[in-house]
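Enquirer: Structure provided below as structure tokens; questions to follow.
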Protein chains: 2
Amino acid sequence: MTEDDRVAMTLDEVAALSRAILTKHGLAPDHVEAVTRTIVAGERDECASHGVYRLIVCVNTLKKGVVVTDAVPQVQDCAPALLRVDARGGFAQLAFEAGLPQLVAKAKRNGIAAMGINHCVHFAALWPEVEAVTAHGLVALACTPSHAWVAPAGGIRPVFGTNPIAFGWPRPGAHPFVFDFATSAVARGEIELHRRAGKPIPEGWGIDAEGQPTTDAAAALAGAMLTFGGHKGSALSTMVELIAGPLIGDLTSAESLAVDAGTGSSPVGGELVLAIDPAGFLGDAAGEHIARAEALFANITGQGARLPSQRRFEARLRSEANGVRIPRALHDDLQALLD
Amino acid sequence: MTEDDRVAMTLDEVAALSRAILTKHGLAPDHVEAVTRTIVAGERDECASHGVYRLIVCVNTLKKGVVVTDAVPQVQDCAPALLRVDARGGFAQLAFEAGLPQLVAKAKRNGIAAMGINHCVHFAALWPEVEAVTAHGLVALACTPSHAWVAPAGGIRPVFGTNPIAFGWPRPGAHPFVFDFATSAVARGEIELHRRAGKPIPEGWGIDAEGQPTTDAAAALAGAMLTFGGHKGSALSTMVELIAGPLIGDLTSAESLAVDAGTGSSPVGGELVLAIDPAGFLGDAAGEHIARAEALFANITGQGARLPSQRRFEARLRSEANGVRIPRALHDDLQALLD
């Protein structure tokens, strides 16, 4: 792609575009702000499938009437170290923000705490949320089911969602250690981008409707995606179904897809976020042990291997200094959402 | 292998053999009982690398003087939803058993709780422990670093242990849903069994000391093992290092290997166990949602795919009815430990 095929934007311009599109399609102001923070973060960190591209997905979901556009999240204190946030059918972002202060307070009081977000519409990456938890000096783990798009190891029909797992570890004076990956072989957004670009997908990403391996993106989207790592990825995906589904009284990916009833909207369901306070285990010695973790990171980067979010943090520095460049075709599609 | 190459034993005979060997090599009675429960469970469930074979590993570790043979675990209440158990240099099993009642009580009181086991010698699978937590109606997650044997994705030198993650979910009237897998491509015990049998290992399990792919078991043991699932398995392995290492004030796998100083003993360090009470999130509705998880399992098994511990539970039924059959060469090696 040549430079001419891209449109330069500042991060403020990305935010303004996101606000304009979401407002135009009826989202209430506090949700517009919360969703825009996610969209800008994705574009800033050069996560192609979770940046402004996601506005197209959002608008589709809004148009289908799946989202309660002015939902007011309700925080419920259900146990000393647990809370639930009822998103009341709104996007997940505002519900997360509503519950975060109590999650942090409970983790600091008890050493560990968990938050179940219920009845939310979910389309975003989880790393912005685990980063928000690590900003309070806490270790974070988050996961969510989605729609039943992924076959279990040894199976041929979709059962699991892409079921991402994200983890964050606070690092003093540095970006946190963060990973966020789908338990499917790739994110569904990646296959969608291949389909949009007319490119074949690698083997191992999906099977067609007859359960046969395929390199056709559309056939895989219509058939089933595969998990990463064979039976181990399949086991992890099952765990996500359970702990961010029935454990918090919310839908499995199969149930979410049934609720969707073919509209092709973003998944509706729950999300689980855990937070652990190192000071709970370690008291005054927490700083010394957290510092010891730095030797582990140095041992990885010192042999030329990368930490999971290293590219994303490097992109963040670039984008904050120079703005971002959006493919022109995508930019045109986004402008069309304002007509 | 013909039937003649195997020795039939009842589970009581397996337990008696384990007790005799461990006692002969100086382990105190309460530790003998706790370790024997693990050994019998592994053999019963036909986990070749975690059954009586492990007695050879135990005895090696005992002979090296690495284990405090009569250690009395000390339980420390460090936060409302956390506890630590100082194993004081003994095998992990007794420390786990010492802390379990408080972990269960804290999880039921607060909705979620975590236990850090410190300063233990670890050689066992984690599934017996997550099963023990699920027996109290709780959801369980456990992990532990080991020795630095595994290279990070994109690297060539060992940093991680085999770093297993185990998860358990209680199922009413059935064995729990349980998985327990190494974040390395395979358990180190599998590579050791290949070396003992003089068999090559598949590609993707390890690299030699120069960082080149190898199918030679001994070369991989001397070089580095690889994680499962590429960068995702590597990320999970890093998480285990952090949350069952520095987070609980204990060693990373590299630090454990340094402490070992070439004796070739079992790893010394920590283990993290999480427990979540479904009733904490769901109150009286817990039973209804736990039952809903059964539809997920039926959706997996109904298409011919297996649940992770299905083979193990099937083996358990067989072994409890008919006993087990130990390879004669292994049986001879075990008898030699009594001389």
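How things are named: the first chain in the structure tokens is A, the next is B, and so on; residues count from 1 in each chain; ligands count from 1 in the order shown.
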Hey, could you make a per-residue contact list for chain A against chain B with 7 Å as the cut-off, showing the nearest pair of atoms and its distance in Å to one decimal, counting only C-alpha atoms, sorted by chain and number, as JSON lines?
Expert:
{"residue": "A:Cys78", "atom": "CA", "partner": "B:Phe281", "partner_atom": "CA", "distance": 6.1}
{"residue": "A:Ala79", "atom": "CA", "partner": "B:Gly280", "partner_atom": "CA", "distance": 5.7}
{"residue": "A:Pro80", "atom": "CA", "partner": "B:Asn110", "partner_atom": "CA", "distance": 4.8}
{"residue": "A:Ala81", "atom": "CA", "partner": "B:Asn110", "partner_atom": "CA", "distance": 5.1}
{"residue": "A:Leu82", "atom": "CA", "partner": "B:Gly111", "partner_atom": "CA", "distance": 6.0}
{"residue": "A:Asn110", "atom": "CA", "partner": "B:Pro80", "partner_atom": "CA", "distance": 4.8}
{"residue": "A:Gly111", "atom": "CA", "partner": "B:Ala79", "partner_atom": "CA", "distance": 5.7}
{"residue": "A:Ile112", "atom": "CA", "partner": "B:Ala81", "partner_atom": "CA", "distance": 6.2}
{"residue": "A:Ala113", "atom": "CA", "partner": "B:Ile112", "partner_atom": "CA", "distance": 6.6}
{"residue": "A:Pro152", "atom": "CA", "partner": "B:Ile300", "partner_atom": "CA", "distance": 6.6}
{"residue": "A:Ala153", "atom": "CA", "partner": "B:Ala305", "partner_atom": "CA", "distance": 6.6}
{"residue": "A:Gly154", "atom": "CA", "partner": "B:Ala305", "partner_atom": "CA", "distance": 4.7}
{"residue": "A:Gly155", "atom": "CA", "partner": "B:Ala305", "partner_atom": "CA", "distance": 4.9}
{"residue": "A:Val159", "atom": "CA", "partner": "B:Asn299", "partner_atom": "CA", "distance": 6.7}
{"residue": "A:Phe179", "atom": "CA", "partner": "B:Ala235", "partner_atom": "CA", "distance": 6.6}
{"residue": "A:Phe181", "atom": "CA", "partner": "B:Lys232", "partner_atom": "CA", "distance": 6.9}
{"residue": "A:Phe228", "atom": "CA", "partner": "B:Gly229", "partner_atom": "CA", "distance": 6.1}
{"residue": "A:Gly229", "atom": "CA", "partner": "B:Gly229", "partner_atom": "CA", "distance": 4.3}
{"residue": "A:Lys232", "atom": "CA", "partner": "B:Phe181", "partner_atom": "CA", "distance": 6.9}
{"residue": "A:Ala235", "atom": "CA", "partner": "B:Phe179", "partner_atom": "CA", "distance": 6.6}
{"residue": "A:Leu242", "atom": "CA", "partner": "B:Ala293", "partner_atom": "CA", "distance": 6.7}
{"residue": "A:Pro246", "atom": "CA", "partner": "B:His289", "partner_atom": "CA", "distance": 5.0}
{"residue": "A:Leu247", "atom": "CA", "partner": "B:Pro278", "partner_atom": "CA", "distance": 5.6}
{"residue": "A:Ile248", "atom": "CA", "partner": "B:Phe281", "partner_atom": "CA", "distance": 5.7}
{"residue": "A:Gly249", "atom": "CA", "partner": "B:His289", "partner_atom": "CA", "distance": 6.0}
{"residue": "A:Pro278", "atom": "CA", "partner": "B:Leu247", "partner_atom": "CA", "distance": 5.6}
{"residue": "A:Gly280", "atom": "CA", "partner": "B:Ala79", "partner_atom": "CA", "distance": 5.7}
{"residue": "A:Phe281", "atom": "CA", "partner": "B:Ile248", "partner_atom": "CA", "distance": 5.7}
{"residue": "A:Leu282", "atom": "CA", "partner": "B:Gly249", "partner_atom": "CA", "distance": 6.5}
{"residue": "A:His289", "atom": "CA", "partner": "B:Pro246", "partner_atom": "CA", "distance": 5.0}
{"residue": "A:Ile290", "atom": "CA", "partner": "B:Pro246", "partner_atom": "CA", "distance": 6.1}
{"residue": "A:Arg292", "atom": "CA", "partner": "B:Pro246", "partner_atom": "CA", "distance": 6.7}
{"residue": "A:Ala293", "atom": "CA", "partner": "B:Pro246", "partner_atom": "CA", "distance": 6.1}
{"residue": "A:Asn299", "atom": "CA", "partner": "B:Val159", "partner_atom": "CA", "distance": 6.7}
{"residue": "A:Ile300", "atom": "CA", "partner": "B:Pro152", "partner_atom": "CA", "distance": 6.6}
{"residue": "A:Gln303", "atom": "CA", "partner": "B:Gly155", "partner_atom": "CA", "distance": 5.9}
{"residue": "A:Gly304", "atom": "CA", "partner": "B:Gly155", "partner_atom": "CA", "distance": 6.2}
{"residue": "A:Ala305", "atom": "CA", "partner": "B:Gly154", "partner_atom": "CA", "distance": 4.7}
{"residue": "A:Pro308", "atom": "CA", "partner": "B:Ala235", "partner_atom": "CA", "distance": 6.7}
Enquirer: Now that the selection is made, can you save its residues with C-alpha atoms as an mmCIF file, in the first residue's frame?
Expert:
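Wrote it out as part10.cif, contents follow:
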data_model
loop_
_atom_site.group_PDB
_atom_site.id
_atom_site.type_symbol
_atom_site.label_atom_id
_atom_site.label_comp_id
_atom_site.auth_asym_id
_atom_site.auth_seq_id
_atom_site.Cartn_x
_atom_site.Cartn_y
_atom_site.Cartn_z
ATOM 1 C CA CYS A 78 -22.753 -9.576 46.038
ATOM 2 C CA ALA A 79 -19.967 -10.834 48.366
ATOM 3 C CA PRO A 80 -17.047 -9.285 50.283
ATOM 4 C CA ALA A 81 -14.594 -9.943 47.414
ATOM 5 C CA LEU A 82 -17.045 -10.028 44.480
ATOM 6 C CA ASN A 110 -9.250 -8.494 50.603
ATOM 7 C CA GLY A 111 -6.114 -9.226 48.570
ATOM 8 C CA ILE A 112 -8.116 -10.593 45.632
ATOM 9 C CA ALA A 113 -11.471 -9.684 44.090
ATOM 10 C CA PRO A 152 -13.643 -27.873 20.188
ATOM 11 C CA ALA A 153 -10.515 -29.985 19.588
ATOM 12 C CA GLY A 154 -11.663 -33.216 17.998
ATOM 13 C CA GLY A 155 -15.004 -31.704 16.978
ATOM 14 C CA VAL A 159 -19.317 -24.401 20.473
ATOM 15 C CA PHE A 179 -1.147 -10.065 26.928
ATOM 16 C CA PHE A 181 -5.201 -13.248 22.945
ATOM 17 C CA PHE A 228 -5.009 -22.330 19.067
ATOM 18 C CA GLY A 229 -2.806 -25.025 20.556
ATOM 19 C CA LYS A 232 -4.933 -27.166 25.348
ATOM 20 C CA ALA A 235 -9.537 -26.558 27.315
ATOM 21 C CA LEU A 242 -17.606 -21.435 32.229
ATOM 22 C CA PRO A 246 -22.572 -19.706 34.018
ATOM 23 C CA LEU A 247 -20.270 -18.778 36.953
ATOM 24 C CA ILE A 248 -21.486 -15.166 36.751
ATOM 25 C CA GLY A 249 -25.011 -16.092 35.667
ATOM 26 C CA PRO A 278 0.611 -8.095 45.486
ATOM 27 C CA GLY A 280 -2.036 -8.751 50.043
ATOM 28 C CA PHE A 281 0.407 -11.636 49.815
ATOM 29 C CA LEU A 282 3.600 -9.719 50.470
ATOM 30 C CA HIS A 289 9.316 -9.050 44.665
ATOM 31 C CA ILE A 290 7.679 -7.003 41.890
ATOM 32 C CA ARG A 292 12.404 -9.363 40.931
ATOM 33 C CA ALA A 293 9.911 -9.994 38.138
ATOM 34 C CA ASN A 299 15.786 -12.797 30.556
ATOM 35 C CA ILE A 300 13.183 -12.872 27.750
ATOM 36 C CA GLN A 303 17.765 -13.166 24.064
ATOM 37 C CA GLY A 304 15.908 -11.260 21.345
ATOM 38 C CA ALA A 305 12.408 -12.514 22.178
ATOM 39 C CA PRO A 308 3.572 -9.768 24.240
#
Enquirer: When DSSP works through the backbone of this structure, what residues of stretch 86-325 of chain B end up as alpha helix (DSSP H), shown as a PyMOL selection string?
Expert: chain B and resi 92-110+127-134+188-197+217-222+230-243+253-260+278-282+286-301+310-322
Enquirer: Just write the chosen residues, C-alpha atoms, as an mmCIF file, in the first residue's frame.
Expert:
data_model
loop_
_atom_site.group_PDB
_atom_site.id
_atom_site.type_symbol
_atom_site.label_atom_id
_atom_site.label_comp_id
_atom_site.auth_asym_id
_atom_site.auth_seq_id
_atom_site.Cartn_x
_atom_site.Cartn_y
_atom_site.Cartn_z
ATOM 1 C CA ALA B 92 4.075 -29.606 48.353
ATOM 2 C CA GLN B 93 1.358 -32.164 49.057
ATOM 3 C CA LEU B 94 1.225 -31.815 52.833
ATOM 4 C CA ALA B 95 1.355 -28.016 52.588
ATOM 5 C CA PHE B 96 -1.600 -28.066 50.182
ATOM 6 C CA GLU B 97 -3.571 -30.287 52.543
ATOM 7 C CA ALA B 98 -2.699 -28.030 55.496
ATOM 8 C CA GLY B 99 -4.006 -24.934 53.714
ATOM 9 C CA LEU B 100 -7.036 -26.362 51.925
ATOM 10 C CA PRO B 101 -9.582 -25.960 54.778
ATOM 11 C CA GLN B 102 -8.757 -22.258 55.122
ATOM 12 C CA LEU B 103 -8.796 -21.722 51.341
ATOM 13 C CA VAL B 104 -12.267 -23.269 51.185
ATOM 14 C CA ALA B 105 -13.519 -21.258 54.167
ATOM 15 C CA LYS B 106 -12.160 -17.992 52.752
ATOM 16 C CA ALA B 107 -13.658 -18.651 49.313
ATOM 17 C CA LYS B 108 -17.060 -19.398 50.827
ATOM 18 C CA ARG B 109 -16.916 -16.324 53.063
ATOM 19 C CA ASN B 110 -15.637 -13.857 50.430
ATOM 20 C CA TRP B 127 -5.201 -32.097 38.967
ATOM 21 C CA PRO B 128 -5.415 -33.904 42.328
ATOM 22 C CA GLU B 129 -5.390 -30.481 43.973
ATOM 23 C CA VAL B 130 -7.990 -28.804 41.740
ATOM 24 C CA GLU B 131 -10.162 -31.910 42.153
ATOM 25 C CA ALA B 132 -9.861 -31.526 45.923
ATOM 26 C CA VAL B 133 -11.091 -27.905 45.649
ATOM 27 C CA THR B 134 -14.010 -28.795 43.364
ATOM 28 C CA ARG B 188 9.146 -32.855 30.780
ATOM 29 C CA GLY B 189 8.298 -36.323 32.101
ATOM 30 C CA GLU B 190 7.138 -37.262 28.568
ATOM 31 C CA ILE B 191 10.534 -36.360 27.114
ATOM 32 C CA GLU B 192 12.227 -38.279 29.934
ATOM 33 C CA LEU B 193 10.082 -41.332 29.140
ATOM 34 C CA HIS B 194 11.125 -41.044 25.461
ATOM 35 C CA ARG B 195 14.771 -40.869 26.489
ATOM 36 C CA ARG B 196 14.375 -43.920 28.750
ATOM 37 C CA ALA B 197 12.685 -45.784 25.875
ATOM 38 C CA ALA B 217 15.157 -36.487 23.596
ATOM 39 C CA ALA B 218 18.497 -36.133 25.368
ATOM 40 C CA ALA B 219 19.477 -33.150 23.201
ATOM 41 C CA ALA B 220 16.188 -31.395 23.981
ATOM 42 C CA LEU B 221 16.605 -32.078 27.701
ATOM 43 C CA ALA B 222 20.087 -30.528 27.485
ATOM 44 C CA GLY B 230 3.681 -20.394 20.030
ATOM 45 C CA HIS B 231 3.518 -16.864 21.445
ATOM 46 C CA LYS B 232 0.219 -17.553 23.244
ATOM 47 C CA GLY B 233 1.636 -20.492 25.210
ATOM 48 C CA SER B 234 4.712 -18.404 25.897
ATOM 49 C CA ALA B 235 2.516 -15.592 27.283
ATOM 50 C CA LEU B 236 0.650 -18.032 29.545
ATOM 51 C CA SER B 237 3.922 -19.497 30.759
ATOM 52 C CA THR B 238 5.106 -15.985 31.665
ATOM 53 C CA MET B 239 1.879 -15.446 33.612
ATOM 54 C CA VAL B 240 2.528 -18.617 35.624
ATOM 55 C CA GLU B 241 6.090 -17.454 36.401
ATOM 56 C CA LEU B 242 4.691 -14.167 37.709
ATOM 57 C CA ILE B 243 1.609 -15.217 39.686
ATOM 58 C CA SER B 253 11.923 -21.108 37.325
ATOM 59 C CA ALA B 254 15.322 -19.596 36.572
ATOM 60 C CA GLU B 255 15.871 -18.867 40.266
ATOM 61 C CA SER B 256 14.744 -22.396 41.182
ATOM 62 C CA LEU B 257 17.206 -23.907 38.726
ATOM 63 C CA ALA B 258 19.976 -21.739 40.163
ATOM 64 C CA VAL B 259 19.114 -22.961 43.677
ATOM 65 C CA ASP B 260 19.220 -26.539 42.375
ATOM 66 C CA PRO B 278 -20.428 -19.859 42.402
ATOM 67 C CA ALA B 279 -22.834 -19.022 45.248
ATOM 68 C CA GLY B 280 -20.863 -15.810 45.819
ATOM 69 C CA PHE B 281 -21.910 -14.451 42.428
ATOM 70 C CA LEU B 282 -25.239 -16.218 42.147
ATOM 71 C CA ALA B 286 -26.028 -21.037 41.605
ATOM 72 C CA GLY B 287 -27.477 -24.511 41.086
ATOM 73 C CA GLU B 288 -29.491 -23.447 38.056
ATOM 74 C CA HIS B 289 -26.477 -21.852 36.338
ATOM 75 C CA ILE B 290 -24.114 -24.724 37.206
ATOM 76 C CA ALA B 291 -26.708 -27.015 35.603
ATOM 77 C CA ARG B 292 -26.669 -24.786 32.487
ATOM 78 C CA ALA B 293 -22.957 -25.496 32.102
ATOM 79 C CA GLU B 294 -23.935 -29.110 31.467
ATOM 80 C CA ALA B 295 -25.400 -28.055 28.108
ATOM 81 C CA LEU B 296 -21.932 -26.801 27.150
ATOM 82 C CA PHE B 297 -20.345 -30.151 28.002
ATOM 83 C CA ALA B 298 -23.084 -32.021 26.099
ATOM 84 C CA ASN B 299 -22.440 -29.777 23.099
ATOM 85 C CA ILE B 300 -18.771 -30.877 23.127
ATOM 86 C CA THR B 301 -19.193 -34.593 23.779
ATOM 87 C CA GLN B 310 -12.478 -38.008 30.209
ATOM 88 C CA ARG B 311 -9.790 -40.666 29.589
ATOM 89 C CA ARG B 312 -8.458 -40.209 33.094
ATOM 90 C CA PHE B 313 -11.860 -40.727 34.696
ATOM 91 C CA GLU B 314 -12.473 -43.774 32.515
ATOM 92 C CA ALA B 315 -9.097 -45.188 33.585
ATOM 93 C CA ARG B 316 -10.007 -44.491 37.205
ATOM 94 C CA LEU B 317 -13.127 -46.641 36.965
ATOM 95 C CA ARG B 318 -11.099 -49.462 35.381
ATOM 96 C CA SER B 319 -8.305 -49.247 37.942
ATOM 97 C CA GLU B 320 -10.654 -49.119 40.912
ATOM 98 C CA ALA B 321 -12.334 -52.285 39.623
ATOM 99 C CA ASN B 322 -9.335 -54.203 38.265
#
Enquirer: Please list as a list in words every residue within 7 Å of stretch 47-51 of chain B, counting only C-alpha atoms and excluding residues in the same chain fewer than 5 positions away.
Expert: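 Contacts, with the query itself left out: Ile39, Val40, Gly42, Ala124, Ala125, Gly189 and Glu190 of chain B.
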Enquirer: With N, CA and C atoms kept, could you save the residues just selected as a short mmCIF file (atom, residue, chain, number, x, y, z; two decimals), in the first residue's frame?
Expert:
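Result went into out.cif, see below:
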data_model
loop_
_atom_site.label_atom_id
_atom_site.label_comp_id
_atom_site.auth_asym_id
_atom_site.auth_seq_id
_atom_site.Cartn_x
_atom_site.Cartn_y
_atom_site.Cartn_z
N ILE B 39 0.71 -40.30 44.23
CA ILE B 39 1.29 -41.36 43.39
C ILE B 39 0.20 -42.37 42.99
N VAL B 40 -0.61 -42.76 43.97
CA VAL B 40 -1.68 -43.72 43.69
C VAL B 40 -2.68 -43.11 42.72
N GLY B 42 -2.17 -40.86 40.43
CA GLY B 42 -1.60 -40.81 39.08
C GLY B 42 -1.61 -42.17 38.41
N ALA B 124 4.55 -33.06 41.38
CA ALA B 124 3.31 -33.76 41.08
C ALA B 124 2.46 -33.02 40.06
N ALA B 125 1.48 -33.72 39.49
CA ALA B 125 0.46 -33.07 38.68
C ALA B 125 -0.41 -32.21 39.58
N GLY B 189 8.33 -34.88 31.85
CA GLY B 189 8.30 -36.32 32.10
C GLY B 189 8.11 -37.13 30.82
N GLU B 190 7.34 -36.57 29.85
CA GLU B 190 7.14 -37.26 28.57
C GLU B 190 8.46 -37.38 27.82
#
Enquirer: What separation in Å, quoted to one decimal, exists between atom CA of B:Val85 and atom CA of B:Ser146?
Expert: 17.9 Å
Enquirer: As an mmCIF file with N, CA and C atoms, in the first residue's frame, please: every residue in stretch 38-244 of chain A that a backbone DSSP assignment puts in strand (DSSP E).
Expert:
data_model
loop_
_atom_site.group_PDB
_atom_site.id
_atom_site.type_symbol
_atom_site.label_atom_id
_atom_site.label_comp_id
_atom_site.auth_asym_id
_atom_site.auth_seq_id
_atom_site.Cartn_x
_atom_site.Cartn_y
_atom_site.Cartn_z
ATOM 1 N N GLN A 74 -25.611 -0.885 36.506
ATOM 2 C CA GLN A 74 -25.982 -0.963 37.918
ATOM 3 C C GLN A 74 -24.980 -1.855 38.643
ATOM 4 N N VAL A 75 -24.306 -1.310 39.634
ATOM 5 C CA VAL A 75 -23.292 -2.055 40.379
ATOM 6 C C VAL A 75 -23.949 -2.737 41.571
ATOM 7 N N GLN A 76 -23.682 -4.036 41.719
ATOM 8 C CA GLN A 76 -24.280 -4.820 42.802
ATOM 9 C C GLN A 76 -23.177 -5.481 43.620
ATOM 10 N N ASP A 77 -23.202 -5.245 44.918
ATOM 11 C CA ASP A 77 -22.198 -5.808 45.832
ATOM 12 C C ASP A 77 -22.712 -7.164 46.293
ATOM 13 N N CYS A 78 -22.148 -8.269 45.761
ATOM 14 C CA CYS A 78 -22.753 -9.576 46.038
ATOM 15 C C CYS A 78 -22.002 -10.422 47.052
ATOM 16 N N ALA A 79 -20.741 -10.099 47.357
ATOM 17 C CA ALA A 79 -19.967 -10.834 48.366
ATOM 18 C C ALA A 79 -18.774 -9.947 48.722
ATOM 19 N N LEU A 82 -16.438 -9.939 45.820
ATOM 20 C CA LEU A 82 -17.045 -10.028 44.480
ATOM 21 C C LEU A 82 -17.992 -8.857 44.259
ATOM 22 N N LEU A 83 -18.143 -8.464 42.996
ATOM 23 C CA LEU A 83 -19.229 -7.570 42.619
ATOM 24 C C LEU A 83 -19.711 -7.946 41.231
ATOM 25 N N ARG A 84 -20.942 -7.565 40.967
ATOM 26 C CA ARG A 84 -21.486 -7.720 39.618
ATOM 27 C C ARG A 84 -21.905 -6.339 39.121
ATOM 28 N N VAL A 85 -21.763 -6.151 37.823
ATOM 29 C CA VAL A 85 -22.254 -4.924 37.205
ATOM 30 C C VAL A 85 -23.232 -5.342 36.117
ATOM 31 N N ASP A 86 -24.478 -4.928 36.279
ATOM 32 C CA ASP A 86 -25.473 -5.209 35.249
ATOM 33 C C ASP A 86 -25.393 -4.091 34.206
ATOM 34 N N ILE A 112 -7.663 -10.134 46.954
ATOM 35 C CA ILE A 112 -8.116 -10.593 45.632
ATOM 36 C C ILE A 112 -9.602 -10.256 45.527
ATOM 37 N N ALA A 113 -10.050 -9.959 44.315
ATOM 38 C CA ALA A 113 -11.471 -9.684 44.090
ATOM 39 C C ALA A 113 -11.804 -10.011 42.643
ATOM 40 N N ALA A 114 -13.077 -10.188 42.370
ATOM 41 C CA ALA A 114 -13.517 -10.461 40.999
ATOM 42 C C ALA A 114 -14.791 -9.683 40.702
ATOM 43 N N MET A 115 -14.903 -9.249 39.448
ATOM 44 C CA MET A 115 -16.075 -8.510 38.984
ATOM 45 C C MET A 115 -16.690 -9.260 37.810
ATOM 46 N N GLY A 116 -17.969 -9.524 37.924
ATOM 47 C CA GLY A 116 -18.704 -10.084 36.792
ATOM 48 C C GLY A 116 -19.522 -8.986 36.143
ATOM 49 N N ILE A 117 -19.302 -8.763 34.857
ATOM 50 C CA ILE A 117 -20.126 -7.809 34.110
ATOM 51 C C ILE A 117 -21.188 -8.621 33.384
ATOM 52 N N ASN A 118 -22.448 -8.252 33.556
ATOM 53 C CA ASN A 118 -23.549 -9.021 32.950
ATOM 54 C C ASN A 118 -24.320 -8.208 31.932
ATOM 55 N N HIS A 119 -24.922 -8.952 31.007
ATOM 56 C CA HIS A 119 -25.872 -8.365 30.050
ATOM 57 C C HIS A 119 -25.269 -7.206 29.290
ATOM 58 N N CYS A 120 -24.047 -7.406 28.821
ATOM 59 C CA CYS A 120 -23.394 -6.351 28.048
ATOM 60 C C CYS A 120 -23.222 -6.791 26.600
ATOM 61 N N VAL A 121 -23.072 -5.816 25.713
ATOM 62 C CA VAL A 121 -22.734 -6.077 24.318
ATOM 63 C C VAL A 121 -21.228 -5.857 24.198
ATOM 64 N N VAL A 139 -2.574 -6.899 39.823
ATOM 65 C CA VAL A 139 -2.468 -7.910 38.777
ATOM 66 C C VAL A 139 -3.887 -8.189 38.270
ATOM 67 N N ALA A 140 -4.050 -8.325 36.959
ATOM 68 C CA ALA A 140 -5.392 -8.427 36.380
ATOM 69 C C ALA A 140 -5.512 -9.612 35.445
ATOM 70 N N LEU A 141 -6.681 -10.211 35.448
ATOM 71 C CA LEU A 141 -7.016 -11.260 34.484
ATOM 72 C C LEU A 141 -8.451 -11.009 34.024
ATOM 73 N N ALA A 142 -8.688 -11.052 32.707
ATOM 74 C CA ALA A 142 -10.033 -10.806 32.189
ATOM 75 C C ALA A 142 -10.332 -11.784 31.069
ATOM 76 N N CYS A 143 -11.588 -12.179 30.948
ATOM 77 C CA CYS A 143 -11.981 -13.042 29.841
ATOM 78 C C CYS A 143 -13.465 -12.882 29.560
ATOM 79 N N VAL A 150 -16.352 -21.339 17.181
ATOM 80 C CA VAL A 150 -15.112 -22.116 17.244
ATOM 81 C C VAL A 150 -15.415 -23.552 17.663
ATOM 82 N N ALA A 151 -14.880 -24.518 16.919
ATOM 83 C CA ALA A 151 -15.097 -25.932 17.231
ATOM 84 C C ALA A 151 -14.130 -26.394 18.317
ATOM 85 N N ILE A 165 -8.488 -14.240 26.491
ATOM 86 C CA ILE A 165 -7.955 -14.158 27.854
ATOM 87 C C ILE A 165 -6.917 -13.041 27.858
ATOM 88 N N ALA A 166 -7.053 -12.124 28.783
ATOM 89 C CA ALA A 166 -6.074 -11.035 28.905
ATOM 90 C C ALA A 166 -5.523 -11.014 30.316
ATOM 91 N N PHE A 167 -4.252 -10.653 30.414
ATOM 92 C CA PHE A 167 -3.556 -10.640 31.697
ATOM 93 C C PHE A 167 -2.700 -9.390 31.785
ATOM 94 N N GLY A 168 -2.647 -8.802 32.960
ATOM 95 C CA GLY A 168 -1.802 -7.623 33.147
ATOM 96 C C GLY A 168 -1.030 -7.678 34.452
ATOM 97 N N TRP A 169 0.186 -7.212 34.393
ATOM 98 C CA TRP A 169 1.095 -7.211 35.550
ATOM 99 C C TRP A 169 1.720 -5.830 35.634
ATOM 100 N N PHE A 177 3.262 -5.382 31.882
ATOM 101 C CA PHE A 177 3.302 -6.595 31.069
ATOM 102 C C PHE A 177 1.855 -6.978 30.805
ATOM 103 N N VAL A 178 1.479 -7.036 29.530
ATOM 104 C CA VAL A 178 0.083 -7.310 29.178
ATOM 105 C C VAL A 178 0.036 -8.289 28.011
ATOM 106 N N PHE A 179 -0.794 -9.320 28.135
ATOM 107 C CA PHE A 179 -1.147 -10.065 26.928
ATOM 108 C C PHE A 179 -2.652 -10.160 26.833
ATOM 109 N N ASP A 180 -3.121 -10.368 25.636
ATOM 110 C CA ASP A 180 -4.554 -10.430 25.343
ATOM 111 C C ASP A 180 -4.666 -11.223 24.061
ATOM 112 N N PHE A 181 -5.102 -12.448 24.163
ATOM 113 C CA PHE A 181 -5.201 -13.248 22.945
ATOM 114 C C PHE A 181 -6.496 -14.034 22.913
ATOM 115 N N GLY A 206 -9.406 -22.439 10.321
ATOM 116 C CA GLY A 206 -10.824 -22.779 10.289
ATOM 117 C C GLY A 206 -11.140 -24.001 9.454
ATOM 118 N N ILE A 207 -12.369 -24.472 9.610
ATOM 119 C CA ILE A 207 -12.902 -25.569 8.809
ATOM 120 C C ILE A 207 -14.214 -25.102 8.181
ATOM 121 N N ALA A 224 -16.540 -23.285 10.888
ATOM 122 C CA ALA A 224 -16.096 -23.130 12.274
ATOM 123 C C ALA A 224 -14.644 -22.701 12.306
ATOM 124 N N MET A 225 -14.317 -21.834 13.237
ATOM 125 C CA MET A 225 -12.927 -21.514 13.506
ATOM 126 C C MET A 225 -12.343 -22.629 14.372
ATOM 127 N N LEU A 226 -11.003 -22.673 14.479
ATOM 128 C CA LEU A 226 -10.334 -23.655 15.331
ATOM 129 C C LEU A 226 -9.663 -22.939 16.500
#
Enquirer: Between atom CA of A:Ala261 and atom CA of A:Ala34, what is the distance in Å, rounded to a tenth?
Expert: 27.1 Å
